[in-house]
Structure formats: structure tokens, C-alpha cells
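Comments concern the structure below.
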Amino acid sequence: MTIHVTLDGGIAYAFTEETEEEDHGTEEGHAEDEGIVNPVIPEVNEIFWAALFFFALWALMKFVLLPPLMAVRAERDDKIRAAKDAADSVDSDLGSATSEYDAKISAAREEANSIIAGAREEADARRAELQGAADAEIAEMRAAADAELATARASALGDMRGDVGDLATQAAGAVMGSPVDRSAAQSTIDRVLGS
Amino acid sequence: MSIASTAAQVLAQTEGLTGDEAKAAQGASSAGFAYGLAAIGPGIGIGYLVGQAVQAMARQPESAGTVQTTMFLGIAFTEALALIGFVVFILLKFV
Amino acid sequence: MLFAAEEGGGGLAFPPIENIVEWPAIFFEGNSLLEFNKIGVIHLLGLVIPAVIFFLAGRQKGLVPSGARNVAEGVIDFMEKQVVMPTMGAEGMRYLPLLISFFLYIFIGNITEVIPFFQMPANARMAGPLVLALVAWAAFIIVGVKHNGLGYFKTVLFPSGVPKALYLLVTPIELLSTFFIRPFSHAVRLFANMLAGHILLVTFSVLCIGVWGFKPTVVVELLTFPGLMLFTAFEIGVSLIQAFVFTILAAVYIGLALHPEH
């Protein structure tokens, strides 16, 4: 392999082979031999090889090299997508189960509420009934007591009226010196006691 | 470019160069001017572009990928001017 | 020329440009069409290396990648996420073979810039970029005509929403920029980047060779070796980015041809 980076100084020529020096000569000599060297203009042989190798690479990529890799990628993508779909369906199952559970819970809660409300109503009714019965009993007892009291009072009043009338008639007879007619004095006695 | 050509002429006169050599010297000195002038605009342009891209990425880090791609495209387009200047440099210097 | 003026003093001289970009023939010397030199070897590597990697990758069984298939699938994923999807969307996956070929062929043609025993980017010669840019040019025109019929040219040259009088101005500009300047700038972008990088590395290498001379200037020249390492690292990045930029521009052109109304 020849070293192409050359120096025009003495040291640099140590790095280059003699034949190389003869081939290229000095810069001016080279320029005179081959005309102006233009590094920007492409050369036909390099275009040929570059194009040949590039089209070969392109054709290989398109028809030989990429298809198996892309197939593997597609397969892997499919697998990932399938697993993801499965996960999604499980997720939606989970969602429906959760909502079902929620519905059940709320139904049960409603039922419990209605049971509690019914029990409370029943208890209220029962209490009202008991209270009514107790009230009635009390009223009855009170009425009986009142009646007893009234009869006792009436009998006491009757007794007292007789005794007091007799006593007053005798007292009035003793005062006047002659017995007073009881039936005549009765209205006066009644008037005094009846008030 | 007149300064360059004047300098080249002065150089040619003082050293007594032949016509071809004077042309080469003139080409070489104007090559430097060509590339130097061609580098100014793209230099400013790329600096501004990258600065704006950094600002955009700092404001929206989630869109950094898009900004980066667009930034490279913008640099590529801006840089083309400097590269054409470089090609002119090569043509003047070596041809 | 200016360097040569210092030759008497034993100073450095930049090698003539043809010495750093032109290579002697290996086969078919003298044949103007078939002459095969180092550039051809690099392009051949650009065919063989991706072919071998992808072939080994394609032979692997199973869904879990390893070894060569990691590389191949990494490239495919990168191209899909960074190039195809942002420019063309899912319908662009059809053009993946072309874009992957672009990317790997250009990347290998670039990276030889820093590989010992090559030290030459194949794309610093105009031939490779020119071929690739013409392929991209032909590809986007063919895609445009295939998907939009001959109306493609009408859509491109007479964009809707422009006042009729302005067509006098717009149509020639569109004609030039789309069909003539586009492949030219596409090729020159890659070529000039790689040539500039190559000349940069050659310059620093020449300055490093000067260190062996033990001249008084050696103090300054000692700094050139770190500079050479720095620029070598820089050029690795440039190789990758230029391959990416070329590919994504090709993708953008094809995407514009798919839907020219955008």
C-alpha cells in the first residue's frame, strides 16, 4: 500500500515510495500531464462501481434481506397486539363484573332499607295500638273510678241529707216548741243542702 | 473581492511569478475570501436555528423528538450555502 | 502555492489535492469504465457489511432478537421512528428498503474516513453522492407520478392558492428548485461535508507529521495531535449525521411527492 499523504519537504519523501514519486511527479508536472485535476467532477469508473454496489444492496434489501426481518417484526407485533387485546377483554370483563357487583350491592342495600322502613312502620303501628289500648283502659278505669266516686258521693249526700234534715227538723221543732212537719220543711232543707 | 485580487497582483509582482502562477495565487487568496464570506450567513443561521430549537425543546420536552428531526433538516438546508462556498473554495484553490 | 513558497525553509507543504482524494487502480487499470480503486473497495464494503449483518439476522429463529438481529432491528426501528414516521407516516414503510440502503451505504462510505488503512470517505468523491442523489431524485419523481398521475407536475409547478399572475414567477422557481437544484444540493451536501472533513483531518495529520522534524515550531505543532483526535471524534459524528440527513431528506422528498398538495 502506498502512502498518499505527502509532504514536499525532505522528511515526507521518506514516507513515499520512489515509484509513487515517479508516477505523480511534482504538482506542476502532474497538472501538465493530465490537465487540470478537478476534485468536484465525478469520475466514470467510480460512478459505475458506486451505482453497481448500491443497486445490488437495494435489490438485496428489498427482496432478500428485509422480508424475513419484517415478517418477524409483524409476527411479534401481532402477538403483542393479541396479548393486548386479551388484556383489554379481561379488563372489560373486570369492569362488567365490578358494575354487576355494584348493582347487587345497591339492590341489597335498597332491600335492607325497605325492610328497616317496614319494621319501623310496623313498630310505630304497634306502639300506637298499644298506646291506644292503654289509653282506653286508663280512660275506662278513670270512668269507673269517677262513677264509683259519684255513686259514693250521691249516697253520702243522700245519707247526709236525711240526717241533716232530721237534725234540722228536730232543732227547729225544739226552737219552736212544736214538731215541724218534715215534708213541709223538706224544700227548705233541699235548698240549703243542694247548693 | 478587489482587495484579494490586488493582494494577489502585488504578490505576483514582488515575487516575479509567471502568468499561471499569478493566476493560481489569485485563485488561492480569493478562495479564502469565498469560503470566509460563505460561512458568515450559515453560521448565524445555524446558531439562531439551534437556539430556537433548544428553546422549543425546553418549553415542550415531550415534542423534543419532532423538534430534533426538524432541526436537523433545517441545519441541512442552511448548511448547504456554506458547503457551496466550500466547493467554490476547492474550485478556486485547486483547479 | 503559498505553502510551496516556504519550501526553501524546510516548512510544511500541503499535499496536492489529487494525492488525497484520488487513488491508484487495483484492478482494470487504465480502463475508464471498470477501473477499480479504493473508493470501489469502500463501496463494496458498503454492500457486503449490511448484507452480511442482515442476512445473519434474517436466519435467526424465534421472536427474541440477539446478536446480528439486534443490530439489524435497531437500524430498522431507528429508520422507522426517526425517518419514516415523521416524514411519511405508516404508508412510507413501503420505501424502507430504499431508505435503509441509503443510510447504511452512506454511513459505511463515510465512516471509513476515520478507520485505519482506509482513512478516506468514499463520499468525498462526487461519484457516490451523485449516484445516490440521482436515485433519490428518480425515486421521488416516480413516486409522485405513480400516486398522482401526471397531475403531480401540475401540482408542483402550479401550486394552488397562488394568484395566476404570480405563476410567471413561481413556476420557473419551482421547476428549478424541485427538479434541478434539489438533486444537486442533495449530492453536494454529502460530498462537500465529507471532503471538508477529509481535508481537515489531512491538514491536522500533516501538521502532526511535522512534529517529527523537531523544528523550533514543534511547540505549536504539539497541539495539533489533540486537535487531530478531537476532529476525528467530530468526524465520526459528522459521518452519522450526514448519513441520517441524506436519508431523511430523501424521505421528505418522497413524502412531498406522495402528497404534493401539502
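Convention: chains lettered A, B, ... in C-alpha cells order; per-chain residue numbering from 1; ligands numbered from 1 as shown.
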
Using only C-alpha atoms, find each residue of chain C with at least one atom at most 7 Å away from an atom of chain A; report its shortest atom-to-atom pair and that distance in Å (one decimal), sort the rows by chain and rising residue number, and return the result as a tab-separated table.
residue	atom	partner	partner_atom	distance
C:Glu7	CA	A:Gly9	CA	6.7
C:Gly10	CA	A:Gly9	CA	5.8
C:Gly11	CA	A:Gly9	CA	6.7
C:Leu12	CA	A:Gly9	CA	6.5
C:Ala13	CA	A:Leu7	CA	5.4
C:Phe14	CA	A:Leu7	CA	6.4
C:Pro15	CA	A:Thr6	CA	5.3
C:Pro16	CA	A:Glu27	CA	6.5
C:Glu18	CA	A:Val37	CA	6.8
C:Asn19	CA	A:His4	CA	5.6
C:Ile20	CA	A:Val5	CA	6.1
C:Ser32	CA	A:Asn45	CA	5.9
C:Leu33	CA	A:Asn45	CA	4.4
C:Leu34	CA	A:Asn45	CA	5.4
C:Glu35	CA	A:Asn45	CA	5.6
C:Ile39	CA	A:Glu46	CA	6.9
C:Gly40	CA	A:Trp49	CA	5.8
C:His43	CA	A:Ala50	CA	5.9
C:Leu44	CA	A:Phe53	CA	6.1
C:Leu47	CA	A:Leu57	CA	5.3
C:Phe54	CA	A:Leu65	CA	5.6
C:Phe55	CA	A:Leu65	CA	5.7
C:Gly58	CA	A:Pro68	CA	5.5
C:Leu63	CA	A:Arg76	CA	6.3
C:Pro97	CA	A:Lys62	CA	5.2
C:Leu98	CA	A:Trp58	CA	5.9
C:Ser101	CA	A:Trp58	CA	5.6
C:Arg125	CA	A:Pro42	CA	6.6
C:Met126	CA	A:Pro42	CA	4.7
C:Ala127	CA	A:Ile47	CA	4.7
C:Gly128	CA	A:Ala50	CA	5.4
C:Val131	CA	A:Ala51	CA	6.0

Select residues of chain B: the criterion is any atom within 9 Å of an atom of chain A, counting only C-alpha atoms; output as JSON, numbers by chain.
{"B": [87, 90, 91, 94, 95]}

Would you tabulate, counting only C-alpha atoms, all residues of chain C that have an atom at most 7 Å from an atom of chain B, showing the closest pair of atoms and their distance in Å to one decimal, sorted by chain then ascending number, as a tab-separated table?
residue	atom	partner	partner_atom	distance
C:Met1	CA	B:Ala25	CA	6.5
C:Ile17	CA	B:Phe94	CA	6.7
C:Ser185	CA	B:Ala80	CA	6.8
C:Arg189	CA	B:Ala80	CA	5.8
C:Ala192	CA	B:Leu83	CA	5.8
C:Asn193	CA	B:Leu83	CA	7.0
C:Val245	CA	B:Leu73	CA	6.8

Okay, now the selection with all heavy atoms, as an mmCIF file, in the first residue's frame?
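Output saved as part-v5.cif:
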data_model
loop_
_atom_site.group_PDB
_atom_site.id
_atom_site.type_symbol
_atom_site.label_atom_id
_atom_site.label_comp_id
_atom_site.auth_asym_id
_atom_site.auth_seq_id
_atom_site.Cartn_x
_atom_site.Cartn_y
_atom_site.Cartn_z
ATOM 1 N N MET C 1 0.419 26.631 -3.365
ATOM 2 C CA MET C 1 1.318 27.618 -3.969
ATOM 3 C C MET C 1 1.989 28.447 -2.883
ATOM 4 O O MET C 1 3.197 28.649 -2.887
ATOM 5 C CB MET C 1 0.464 28.531 -4.857
ATOM 6 C CG MET C 1 1.150 28.962 -6.121
ATOM 7 S SD MET C 1 1.749 27.589 -7.075
ATOM 8 C CE MET C 1 3.375 28.178 -7.417
ATOM 9 N N ILE C 17 -4.093 18.245 -4.043
ATOM 10 C CA ILE C 17 -5.428 17.705 -3.758
ATOM 11 C C ILE C 17 -5.630 16.333 -4.383
ATOM 12 O O ILE C 17 -6.289 15.471 -3.793
ATOM 13 C CB ILE C 17 -6.507 18.708 -4.234
ATOM 14 C CG1 ILE C 17 -7.906 18.244 -3.829
ATOM 15 C CG2 ILE C 17 -6.463 18.903 -5.722
ATOM 16 C CD1 ILE C 17 -8.262 18.615 -2.437
ATOM 17 N N SER C 185 -28.101 19.884 -4.770
ATOM 18 C CA SER C 185 -27.769 20.232 -3.381
ATOM 19 C C SER C 185 -27.742 18.992 -2.500
ATOM 20 O O SER C 185 -26.953 18.893 -1.568
ATOM 21 C CB SER C 185 -28.766 21.254 -2.839
ATOM 22 O OG SER C 185 -29.995 20.632 -2.588
ATOM 23 N N ARG C 189 -24.278 18.391 -0.634
ATOM 24 C CA ARG C 189 -24.280 18.459 0.828
ATOM 25 C C ARG C 189 -23.429 17.343 1.420
ATOM 26 O O ARG C 189 -22.564 17.574 2.267
ATOM 27 C CB ARG C 189 -25.715 18.366 1.327
ATOM 28 C CG ARG C 189 -25.852 18.434 2.823
ATOM 29 C CD ARG C 189 -27.295 18.501 3.224
ATOM 30 N NE ARG C 189 -27.931 19.706 2.694
ATOM 31 C CZ ARG C 189 -28.920 19.693 1.836
ATOM 32 N NH1 ARG C 189 -29.406 18.556 1.417
ATOM 33 N NH2 ARG C 189 -29.428 20.817 1.400
ATOM 34 N N ALA C 192 -19.566 17.603 -0.044
ATOM 35 C CA ALA C 192 -18.748 18.693 0.491
ATOM 36 C C ALA C 192 -18.464 18.491 1.972
ATOM 37 O O ALA C 192 -17.363 18.787 2.442
ATOM 38 C CB ALA C 192 -19.451 20.025 0.264
ATOM 39 N N ASN C 193 -19.455 17.951 2.706
ATOM 40 C CA ASN C 193 -19.201 17.678 4.116
ATOM 41 C C ASN C 193 -18.067 16.693 4.281
ATOM 42 O O ASN C 193 -17.172 16.893 5.107
ATOM 43 C CB ASN C 193 -20.460 17.097 4.766
ATOM 44 C CG ASN C 193 -21.208 18.133 5.553
ATOM 45 O OD1 ASN C 193 -20.644 18.727 6.450
ATOM 46 N ND2 ASN C 193 -22.446 18.351 5.203
ATOM 47 N N VAL C 245 -29.013 12.676 7.605
ATOM 48 C CA VAL C 245 -29.614 13.822 6.918
ATOM 49 C C VAL C 245 -29.919 13.482 5.465
ATOM 50 O O VAL C 245 -30.987 13.814 4.956
ATOM 51 C CB VAL C 245 -28.671 15.046 7.023
ATOM 52 C CG1 VAL C 245 -29.030 16.083 6.000
ATOM 53 C CG2 VAL C 245 -28.740 15.647 8.408
#

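The coordinates place CA of Leu195 (chain C) at 26.4 Å from CA of Trp212 (chain C).
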
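The space separating CA of Phe244 (chain C) from CA of Ala34 (chain B) comes to 28.2 Å.
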
Give me the residues within 9 Å of Pro24 (chain C) as a PDB file with N, CA, C and O atoms, in the first residue's frame, counting only C-alpha atoms and dropping any in the same chain fewer than 6 places off.
ATOM      1  N   PHE C  36     -10.929  -0.061 -10.911  1.00  0.00           N
ATOM      2  CA  PHE C  36     -11.430  -0.347  -9.563  1.00  0.00           C
ATOM      3  C   PHE C  36     -10.378   0.095  -8.562  1.00  0.00           C
ATOM      4  O   PHE C  36      -9.263  -0.421  -8.555  1.00  0.00           O
ATOM      5  N   ASN C  37     -10.699   1.062  -7.730  1.00  0.00           N
ATOM      6  CA  ASN C  37      -9.706   1.554  -6.771  1.00  0.00           C
ATOM      7  C   ASN C  37     -10.269   1.481  -5.365  1.00  0.00           C
ATOM      8  O   ASN C  37     -11.279   0.820  -5.097  1.00  0.00           O
ATOM      9  N   LYS C  38      -9.615   2.174  -4.433  1.00  0.00           N
ATOM     10  CA  LYS C  38     -10.023   2.101  -3.025  1.00  0.00           C
ATOM     11  C   LYS C  38     -11.464   2.566  -2.811  1.00  0.00           C
ATOM     12  O   LYS C  38     -12.176   2.022  -1.960  1.00  0.00           O
TER      13      LYS C  38
END

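Pairwise distance (CA of Gly165 (chain A), CA of Gln186 (chain A)) equals 7.2 Å.
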
Excluding same-chain residues fewer than 4 positions from region 45-55 of chain B, what lies within 7 Å of it counting only C-alpha atoms, as a ChimeraX atom specification?
/B:41,59,67,71,75,78

I need the residues from that last selection saved to file as a PDB file, in the first residue's frame (with all heavy atoms), if you can.
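Contents of selection10.pdb, freshly written:
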ATOM      1  N   GLY B  41     -23.113  33.789   6.775  1.00  0.00           N
ATOM      2  CA  GLY B  41     -24.567  33.669   6.846  1.00  0.00           C
ATOM      3  C   GLY B  41     -25.025  32.367   7.480  1.00  0.00           C
ATOM      4  O   GLY B  41     -25.777  32.378   8.464  1.00  0.00           O
ATOM      5  N   ARG B  59     -39.294  24.243  26.294  1.00  0.00           N
ATOM      6  CA  ARG B  59     -40.687  24.560  26.619  1.00  0.00           C
ATOM      7  C   ARG B  59     -41.573  23.342  26.552  1.00  0.00           C
ATOM      8  O   ARG B  59     -42.502  23.179  27.332  1.00  0.00           O
ATOM      9  CB  ARG B  59     -41.217  25.611  25.647  1.00  0.00           C
ATOM     10  CG  ARG B  59     -40.650  26.959  25.953  1.00  0.00           C
ATOM     11  CD  ARG B  59     -41.371  28.029  25.202  1.00  0.00           C
ATOM     12  NE  ARG B  59     -40.753  29.313  25.498  1.00  0.00           N
ATOM     13  CZ  ARG B  59     -41.117  30.437  24.919  1.00  0.00           C
ATOM     14  NH1 ARG B  59     -42.067  30.428  24.030  1.00  0.00           N
ATOM     15  NH2 ARG B  59     -40.527  31.555  25.240  1.00  0.00           N
ATOM     16  N   VAL B  67     -38.926  18.085  17.190  1.00  0.00           N
ATOM     17  CA  VAL B  67     -38.132  19.308  17.050  1.00  0.00           C
ATOM     18  C   VAL B  67     -36.728  18.961  16.575  1.00  0.00           C
ATOM     19  O   VAL B  67     -36.170  19.658  15.717  1.00  0.00           O
ATOM     20  CB  VAL B  67     -38.088  20.074  18.386  1.00  0.00           C
ATOM     21  CG1 VAL B  67     -37.116  21.227  18.305  1.00  0.00           C
ATOM     22  CG2 VAL B  67     -39.458  20.586  18.737  1.00  0.00           C
ATOM     23  N   MET B  71     -34.999  20.154  13.302  1.00  0.00           N
ATOM     24  CA  MET B  71     -33.778  20.951  13.465  1.00  0.00           C
ATOM     25  C   MET B  71     -32.683  20.447  12.526  1.00  0.00           C
ATOM     26  O   MET B  71     -32.019  21.246  11.858  1.00  0.00           O
ATOM     27  CB  MET B  71     -33.311  20.863  14.912  1.00  0.00           C
ATOM     28  CG  MET B  71     -32.109  21.707  15.218  1.00  0.00           C
ATOM     29  SD  MET B  71     -31.511  21.441  16.898  1.00  0.00           S
ATOM     30  CE  MET B  71     -30.581  19.941  16.694  1.00  0.00           C
ATOM     31  N   ILE B  75     -30.882  22.527   9.648  1.00  0.00           N
ATOM     32  CA  ILE B  75     -29.427  22.681   9.586  1.00  0.00           C
ATOM     33  C   ILE B  75     -28.916  22.236   8.230  1.00  0.00           C
ATOM     34  O   ILE B  75     -28.064  22.886   7.621  1.00  0.00           O
ATOM     35  CB  ILE B  75     -28.755  21.876  10.714  1.00  0.00           C
ATOM     36  CG1 ILE B  75     -29.029  22.535  12.054  1.00  0.00           C
ATOM     37  CG2 ILE B  75     -27.261  21.781  10.503  1.00  0.00           C
ATOM     38  CD1 ILE B  75     -28.478  21.777  13.226  1.00  0.00           C
ATOM     39  N   THR B  78     -29.666  24.949   5.719  1.00  0.00           N
ATOM     40  CA  THR B  78     -28.879  26.155   5.931  1.00  0.00           C
ATOM     41  C   THR B  78     -27.411  25.925   5.581  1.00  0.00           C
ATOM     42  O   THR B  78     -26.753  26.782   4.985  1.00  0.00           O
ATOM     43  CB  THR B  78     -28.993  26.596   7.398  1.00  0.00           C
ATOM     44  OG1 THR B  78     -30.347  26.476   7.806  1.00  0.00           O
ATOM     45  CG2 THR B  78     -28.532  28.011   7.583  1.00  0.00           C
TER      46      THR B  78
END
